[in-house]
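Chemist: I have a structure I would like to understand better, so I am pasting it below and will then ask my questions one at a time.
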Amino acid sequence: MSHSVHRRTLLTGTAALTAASLSGVAAAQGAKTKIVFWHAMSGPLGDEIGNICKAFNAAQAEYEVEPIFKGTYPETLTAAIAAWRAGQAPHLVQMFEVGTGSMLAAGPAVKQVWQLAQETGIKLDPEAYIGGVRGYYSLSDGRMASMPFNSSTAIMWYNKDAFEKAGLDPNKAPTTWTEVIAACRALKAKSSTPIPMTTSWPTWVHIEEYGAMHDLPVATKGNGFDGLDTELKINTPPFVKHLNRLLEMSKEGLFKYGGRDAAAGPLFVSGEAAIIFDSSAARAAIKRDGKFNAGAALLPTDPDVNPNPINSVIGGASLWTMTTPKRTAAEYKGVATFLKFIGQPEQDAHWHQVSGYVPVTFGGWELSKKQGFYDRNPGTDIPIVQLSRGKLTANSKGFRLGRMIELRNIIQEEMEKALQGQQGAQAALDNAVARGNKVLREFEKSAKG
Amino acid sequence: MERRTIFAGWVLPVLLVAPQLLLTVFFFLWPAGRAMWTSLERQDAFGIRTEFVGLDNFADLFADPLYLDSAVRTVGFCAAVAVLAMGTALLLAVFADRDIRGRAIYRTLLIWPYAIAPAIAAVLWVLLLHPQIGLVAHGLKAIGILWDYKLNDAQAMTVVILASAWKQVSYNFIFFLAGLQSIPKAVIEAARMDGARGWRRFRTITLPLLAPTMFFLIVVNIVYAAFDTFATIQALTQGGPGKATETLMLKVYRDGLINLDLGSSSAQSVVLMLGIVVLTALQFRFIGRRNAE
C-alpha cells in the first residue's frame, strides 16, 4: 500500500520538476521562437549548415534556428522516427532522397511544404526550383512535399594524368559504354593505374541512373509515383545487358568492385582507379585529397538502348517539416520563413558553390553563372547539364519506392554474388526483383495498415 | 553452515534490492516485453498504423530461406569463433602458466585486447587486411594469393571469425590461467611420479580438471559470438559480400534500424532471446549437476 503511494508522489515530483525546468528554458529563450533543425552533414558541410543558420538568425529577430548533427542519413532517419513517436520530433529534419517514400507514407508525422505554405501564408513557390530536383520531392500533381536542399547526381570522374599516360586524350572523356571499355583496355595495357575503373553507389549509378537516362522503368506505376502496388522491373534485357557488361569487365580486369554505397570513393582519390562513377558531391574530397588532375564528365550511355539519353536523377537530401502534438502556429511560421530564406538566390548559390551540390533554384543557378563560378571551376556545371538534359519522363523524375534503402542493399547483395561468379546477370536481377517485390508488398501492407 | 543476515523490517531490504530491480525492469523486462508485443504486430516506421497480426511475423521468418541460411551461418560462425578463441587461449595459458622469465609481462599483454572497443579493433583489422591498403593483403598478394574479402565469401568469413575470436582470447586466457593455477600441484606431481609425461599428463589430469572452466567458457563464447560481435562485423563487412557474413544479430539490426521493419526485427529478437534462455538453462543445469557431484 504505502509504497504505491510513495511511487505516485515520486512521479508527480518528477513531473513537476520537468515542468519547472521546461518553463525555465522557455523563459531563458526570451521572445525568440526556437526552431530545431536536425541534419546529417559532418565535417566542413556541417560547419556550412551552421553558417547558414547563423545568417538566418542574424537576418531576423523573431526566430532562432538551432542546427543539430544527428549522424549519418539512416541514423538521422531513425532518430527522427524515435523522436516523433515520443512526441519530441524536431521542427525540421534533413532526409536523404531514398527516405522520401517512407516520409510520404508518414502522414500526420510530417507537414508537407504545400501544406506549410498554405497554413502559414508564406509563399514557397515550386516554380522557383529546378524541375529535376523539385520532381523528386513533389506529389504527382506538382505540389511540393519536402524542401529541396542538397542535391547531387552521379557523374563520371576520371584521372586525367592516367588518361594521358595511357595515350588517351585527357580532355575527351568516353561518352558511351563502348568507349569506356576501350579506354579501360588502354588504361590496363599501359597499366596507368592498378585499377582501370570502379564505382561508388552500385545501385544508384547502374540501376537507378542507368534506367532514368535511358528512359527505362525501374519499377511499374511510374517508378512508384502512381501507387504503392509498384513492382521492380530491373530484370529486363537492357539492365541485364549492362550488369553482364560489368561482370565481363570485372573478369577481364577492367572493373574492380570497391564495395557498397560510397566505399569505392577512396580508390579514385588515392589514384588507384582511373575512372569512378560517383556523386558530383565527391568533388570536395577529390579536390582536397587527390594528387592528380581530375576531370568530371557525364555518365556514359548506351546509344543502342537509347540514342537520345535524357536527364539523370538526383541524390542527396531534402528538408522535411515534422509535427508534434504541441507545436504552435508561430513555430511552423518560423520553419516556413527559414525554408524561404535558404531558397533565396544568394543563399542557394553560396551553398552550391561551397558544397559541390547542385543549385536547387533557378535563381541560385543564374546567380552562380553571373558570378562566373563555372568559368572559374570547369566541370562544376556537368551535374547540372546532366540533370537538365532532354525532357523529363515518368521514368526520369525519380523514385517513390518504400524501404528503398533495403532495395538498394538487396540489389548490391545480388550484384556481389554475381561478381563472384555464383550467378549470372539474369539470375542476379531476377533474384533482386523477387526479393525486392517482397519488400515492396510488406511496405504496401504496413502503409495501408 | 549458512550465514544469514536478518533484517528487522522490510524497508531496508527493499531499498537495497530496489536499484537492481529497477535496472532490470527498465533495461530488460520493459524492452523485452515491448519487443514481444511488437513481434505480434505489423506497423509502419512511425507507428501510425499498427495492426495485430498474431504470429505472422514468425511465420514469415521461418518461411524465409534467407533467415534459415542466416541461422545456419550463425551457428557455424559461433562454433568457429568459440573453438579458435578457446583453443588459442588455452595454448597461451598453458605456456604462461610455466615458470618463465617475464611471465607477468606476457600475461598483461595477453589481456590487453580485451580493453579495446570492438569498432576500434575492427578498424585495426581493416588496416591490416584491406584489399588495397592492408599490410597483410600486400603480403598475401606477394605470395600470389588473390586477396579481396569484399568480394569473396570464404575470405570475408575468415576475416570476421579471426577478428571476433582475437577479441575473446584475452577473456578466455584469464579464465584458463585461473583454472590452471587452481589445479593442486600435488596432483600434477603425483602424475609425474607415476611416469605420465607432458601431453599425457595434460590430457588425463589437467584437461578433466579444467572441464568446468571449459564448459563455462563454451557458453560464454557462444553467447559472445552470437551477440557481441555485431560491431566487429558491421565495421568490417556489413554482412557482405552478398549475405556471406550476415549473422542473426546483424539481421536484427538491419531489419529494425535500417529497413525499419519493426515487427520482423522484434520477432527475430524474441527468437534470439529464446536461444539465450535455452543456453542459460543448459549452463545452470550442467554446472548445478557438477557442483552436486
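How things are named: the first chain in the C-alpha cells is A, the next is B, and so on; residues count from 1 in each chain; ligands count from 1 in the order shown.
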Where does DSSP see helix (DSSP H, G or I) in range 246-360 of chain A, if you list the residues as a PyMOL selection string?
Modeler: chain A and resi 246-251+265-269+280-289+329-342+345-355
Chemist: Restricting the output to N, CA and C atoms, write the selected residues as a CSV table (one decimal), in the first residue's frame.
Modeler:
```csv
chain,number,residue,atom,x,y,z
A,246,LEU,N,29.3,-5.3,-66.8
A,246,LEU,CA,30.1,-5.1,-65.7
A,246,LEU,C,30.8,-6.4,-65.2
A,247,LEU,N,30.1,-7.5,-65.3
A,247,LEU,CA,30.7,-8.8,-64.9
A,247,LEU,C,31.8,-9.2,-65.9
A,248,GLU,N,31.6,-8.9,-67.2
A,248,GLU,CA,32.7,-9.3,-68.2
A,248,GLU,C,33.9,-8.4,-67.9
A,249,MET,N,33.6,-7.1,-67.6
A,249,MET,CA,34.7,-6.2,-67.4
A,249,MET,C,35.5,-6.6,-66.1
A,250,SER,N,34.8,-7.1,-65.2
A,250,SER,CA,35.4,-7.5,-63.9
A,250,SER,C,36.3,-8.7,-64.2
A,251,LYS,N,35.8,-9.6,-65.0
A,251,LYS,CA,36.6,-10.8,-65.4
A,251,LYS,C,37.9,-10.4,-66.1
A,265,GLY,N,34.9,5.2,-53.1
A,265,GLY,CA,35.4,6.5,-53.3
A,265,GLY,C,36.9,6.7,-53.1
A,266,PRO,N,37.5,6.2,-52.0
A,266,PRO,CA,38.9,6.4,-51.8
A,266,PRO,C,39.8,5.7,-52.9
A,267,LEU,N,39.3,4.7,-53.6
A,267,LEU,CA,40.1,4.1,-54.6
A,267,LEU,C,40.4,5.1,-55.7
A,268,PHE,N,39.5,6.0,-56.0
A,268,PHE,CA,39.8,7.0,-57.0
A,268,PHE,C,40.7,8.2,-56.4
A,269,VAL,N,40.3,8.6,-55.3
A,269,VAL,CA,41.0,9.7,-54.7
A,269,VAL,C,42.5,9.4,-54.5
A,280,SER,N,28.4,13.8,-57.7
A,280,SER,CA,29.0,15.0,-58.0
A,280,SER,C,29.5,15.8,-56.7
A,281,ALA,N,28.9,15.4,-55.6
A,281,ALA,CA,29.4,16.0,-54.3
A,281,ALA,C,30.7,15.4,-53.8
A,282,ALA,N,31.3,14.5,-54.6
A,282,ALA,CA,32.6,13.9,-54.2
A,282,ALA,C,33.7,14.9,-54.5
A,283,ARG,N,33.3,16.0,-55.2
A,283,ARG,CA,34.2,17.0,-55.7
A,283,ARG,C,35.1,17.5,-54.6
A,284,ALA,N,34.5,17.9,-53.5
A,284,ALA,CA,35.3,18.5,-52.4
A,284,ALA,C,36.5,17.5,-52.0
A,285,ALA,N,36.1,16.2,-51.8
A,285,ALA,CA,37.1,15.3,-51.4
A,285,ALA,C,38.2,15.1,-52.4
A,286,ILE,N,37.8,15.0,-53.7
A,286,ILE,CA,38.7,14.8,-54.8
A,286,ILE,C,39.7,16.0,-54.9
A,287,LYS,N,39.1,17.1,-54.8
A,287,LYS,CA,39.9,18.4,-54.9
A,287,LYS,C,40.9,18.5,-53.8
A,288,ARG,N,40.5,18.1,-52.6
A,288,ARG,CA,41.3,18.3,-51.4
A,288,ARG,C,42.4,17.2,-51.4
A,289,ASP,N,42.0,15.9,-51.6
A,289,ASP,CA,43.0,14.8,-51.4
A,289,ASP,C,43.6,14.2,-52.6
A,329,ALA,N,1.5,27.5,-34.1
A,329,ALA,CA,1.5,28.2,-35.5
A,329,ALA,C,2.7,29.0,-35.7
A,330,ALA,N,3.2,29.7,-34.6
A,330,ALA,CA,4.3,30.5,-34.7
A,330,ALA,C,5.6,29.7,-35.1
A,331,GLU,N,5.6,28.5,-34.5
A,331,GLU,CA,6.8,27.6,-34.8
A,331,GLU,C,6.8,27.2,-36.3
A,332,TYR,N,5.6,26.9,-36.8
A,332,TYR,CA,5.5,26.5,-38.2
A,332,TYR,C,5.9,27.7,-39.1
A,333,LYS,N,5.4,28.8,-38.7
A,333,LYS,CA,5.7,30.0,-39.4
A,333,LYS,C,7.3,30.2,-39.5
A,334,GLY,N,7.9,30.0,-38.4
A,334,GLY,CA,9.4,30.1,-38.3
A,334,GLY,C,10.0,29.1,-39.3
A,335,VAL,N,9.5,27.9,-39.4
A,335,VAL,CA,10.0,26.9,-40.3
A,335,VAL,C,9.9,27.4,-41.7
A,336,ALA,N,8.7,27.9,-42.0
A,336,ALA,CA,8.4,28.3,-43.4
A,336,ALA,C,9.3,29.5,-43.8
A,337,THR,N,9.5,30.4,-42.8
A,337,THR,CA,10.4,31.6,-43.0
A,337,THR,C,11.8,31.1,-43.3
A,338,PHE,N,12.3,30.1,-42.6
A,338,PHE,CA,13.6,29.6,-42.8
A,338,PHE,C,13.8,28.9,-44.1
A,339,LEU,N,12.8,28.1,-44.5
A,339,LEU,CA,12.8,27.5,-45.8
A,339,LEU,C,12.8,28.5,-46.9
A,340,LYS,N,12.1,29.5,-46.8
A,340,LYS,CA,12.1,30.6,-47.8
A,340,LYS,C,13.5,31.2,-47.9
A,341,PHE,N,14.1,31.4,-46.7
A,341,PHE,CA,15.4,32.1,-46.6
A,341,PHE,C,16.4,31.3,-47.4
A,342,ILE,N,16.5,30.0,-47.2
A,342,ILE,CA,17.5,29.2,-47.8
A,342,ILE,C,17.3,29.0,-49.3
A,345,PRO,N,18.3,33.3,-53.9
A,345,PRO,CA,19.4,33.0,-54.8
A,345,PRO,C,20.8,33.1,-54.1
A,346,GLU,N,21.0,34.1,-53.3
A,346,GLU,CA,22.3,34.3,-52.7
A,346,GLU,C,22.6,33.1,-51.8
A,347,GLN,N,21.6,32.7,-51.0
A,347,GLN,CA,21.9,31.5,-50.1
A,347,GLN,C,22.1,30.2,-50.9
A,348,ASP,N,21.3,30.0,-51.9
A,348,ASP,CA,21.4,28.8,-52.7
A,348,ASP,C,22.7,28.7,-53.4
A,349,ALA,N,23.0,29.9,-54.0
A,349,ALA,CA,24.3,29.9,-54.8
A,349,ALA,C,25.5,29.7,-53.9
A,350,HIS,N,25.5,30.3,-52.7
A,350,HIS,CA,26.6,30.1,-51.8
A,350,HIS,C,26.7,28.6,-51.4
A,351,TRP,N,25.6,28.0,-51.0
A,351,TRP,CA,25.6,26.6,-50.6
A,351,TRP,C,26.1,25.7,-51.7
A,352,HIS,N,25.6,26.0,-52.9
A,352,HIS,CA,26.0,25.2,-54.1
A,352,HIS,C,27.5,25.3,-54.3
A,353,GLN,N,28.1,26.5,-54.2
A,353,GLN,CA,29.5,26.7,-54.5
A,353,GLN,C,30.4,26.2,-53.5
A,354,VAL,N,30.0,26.3,-52.2
A,354,VAL,CA,30.9,25.7,-51.2
A,354,VAL,C,30.8,24.2,-51.0
A,355,SER,N,29.6,23.7,-51.3
A,355,SER,CA,29.4,22.3,-51.0
A,355,SER,C,29.6,21.3,-52.1
```
Chemist: Can you tell me which residues surround Leu90 in chain B at a distance of at most 9 Å, considering only C-alpha atoms, apart from same-chain residues fewer than 4 positions away, and format the answer as number ranges by chain?
Modeler: B: 85-86, 94-95, 169, 172-173, 176-177
Chemist: Please compute the CA of Arg201 in chain B-CA of Ala186 in chain B distance, one decimal, in Å.
Modeler: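 Computing the Euclidean distance for CA of Arg201 in chain B and CA of Ala186 in chain B yields 12.8 Å.
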Chemist: Which residues of chain B have any atom within 7 Å of an atom in chain A when counting only C-alpha atoms, and what is the closest pair of atoms for each, with the distance in Å to one decimal? Order the rows by chain and rising number and write it as CSV.
Modeler:
```
residue,atom,partner,partner_atom,distance
B:Arg42,CA,A:Ser446,CA,6.4
B:Gln43,CA,A:Ser446,CA,5.5
B:Asp44,CA,A:Ser446,CA,5.0
B:Phe46,CA,A:Ile81,CA,5.7
B:Arg49,CA,A:Gly449,CA,5.1
B:Thr50,CA,A:Gly449,CA,6.4
B:Glu51,CA,A:Gly449,CA,6.5
B:Lys150,CA,A:Gly259,CA,6.4
B:Leu151,CA,A:Gln420,CA,6.4
B:Asn152,CA,A:Gln420,CA,6.6
B:Pro241,CA,A:Glu416,CA,5.7
B:Gly242,CA,A:Glu413,CA,3.9
B:Lys243,CA,A:Glu413,CA,6.6
B:Leu257,CA,A:Thr78,CA,6.5
B:Ile258,CA,A:Pro74,CA,6.4
B:Asn259,CA,A:Glu406,CA,5.6
```
Chemist: For a test of reading the model, state the distance in Å between CA of Leu68 in chain B and CA of Ser164 in chain B, rounded to one decimal.
Modeler: 22.2 Å
Chemist: Using only C-alpha atoms, which of B:Lys167, B:Arg101, B:His138, B:Arg107 sits nearest Tyr224 in chain B?
Modeler: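 Nearest to Tyr224 in chain B: B:Lys167.
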Chemist: Applying 12 Å and only C-alpha atoms, which residues near Ala96 in chain B remain after dropping the ones on its own chain fewer than 5 positions away? List them as an MDAnalysis selection string.
Modeler: chainID B and resid 89:91 101:111 173:174 176:178 180:181
Chemist: Give me, as a ChimeraX atom specification, the residues of range 236-448 of chain A that a backbone DSSP run labels strand (DSSP E or B).
Modeler: /A:255,273-279,294-297,301,314-322,358,361
Chemist: Identify which of the residues A:Cys53, A:Met95, A:Ala128, A:Ala173 lies closest to Glu366 in chain A, counting only C-alpha atoms when measuring atom-to-atom distances.
Modeler: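 Between A:Cys53, A:Met95, A:Ala128, A:Ala173, the residue approaching Glu366 in chain A most closely is A:Ala128.
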Chemist: When you count only C-alpha atoms, which of these residues is closest to Asn171 in chain A: A:Ala297, A:Ile234, A:Leu367, A:Ile68?
Modeler: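 The closest residue to Asn171 in chain A is A:Ala297.
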Chemist: Between B:Thr245, B:Ile233, B:Thr24, B:Ala35, which has the minimum distance to Val271 in chain B (counting only C-alpha atoms)?
Modeler: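 Using only C-alpha atoms, Val271 in chain B sits closest to B:Ala35.
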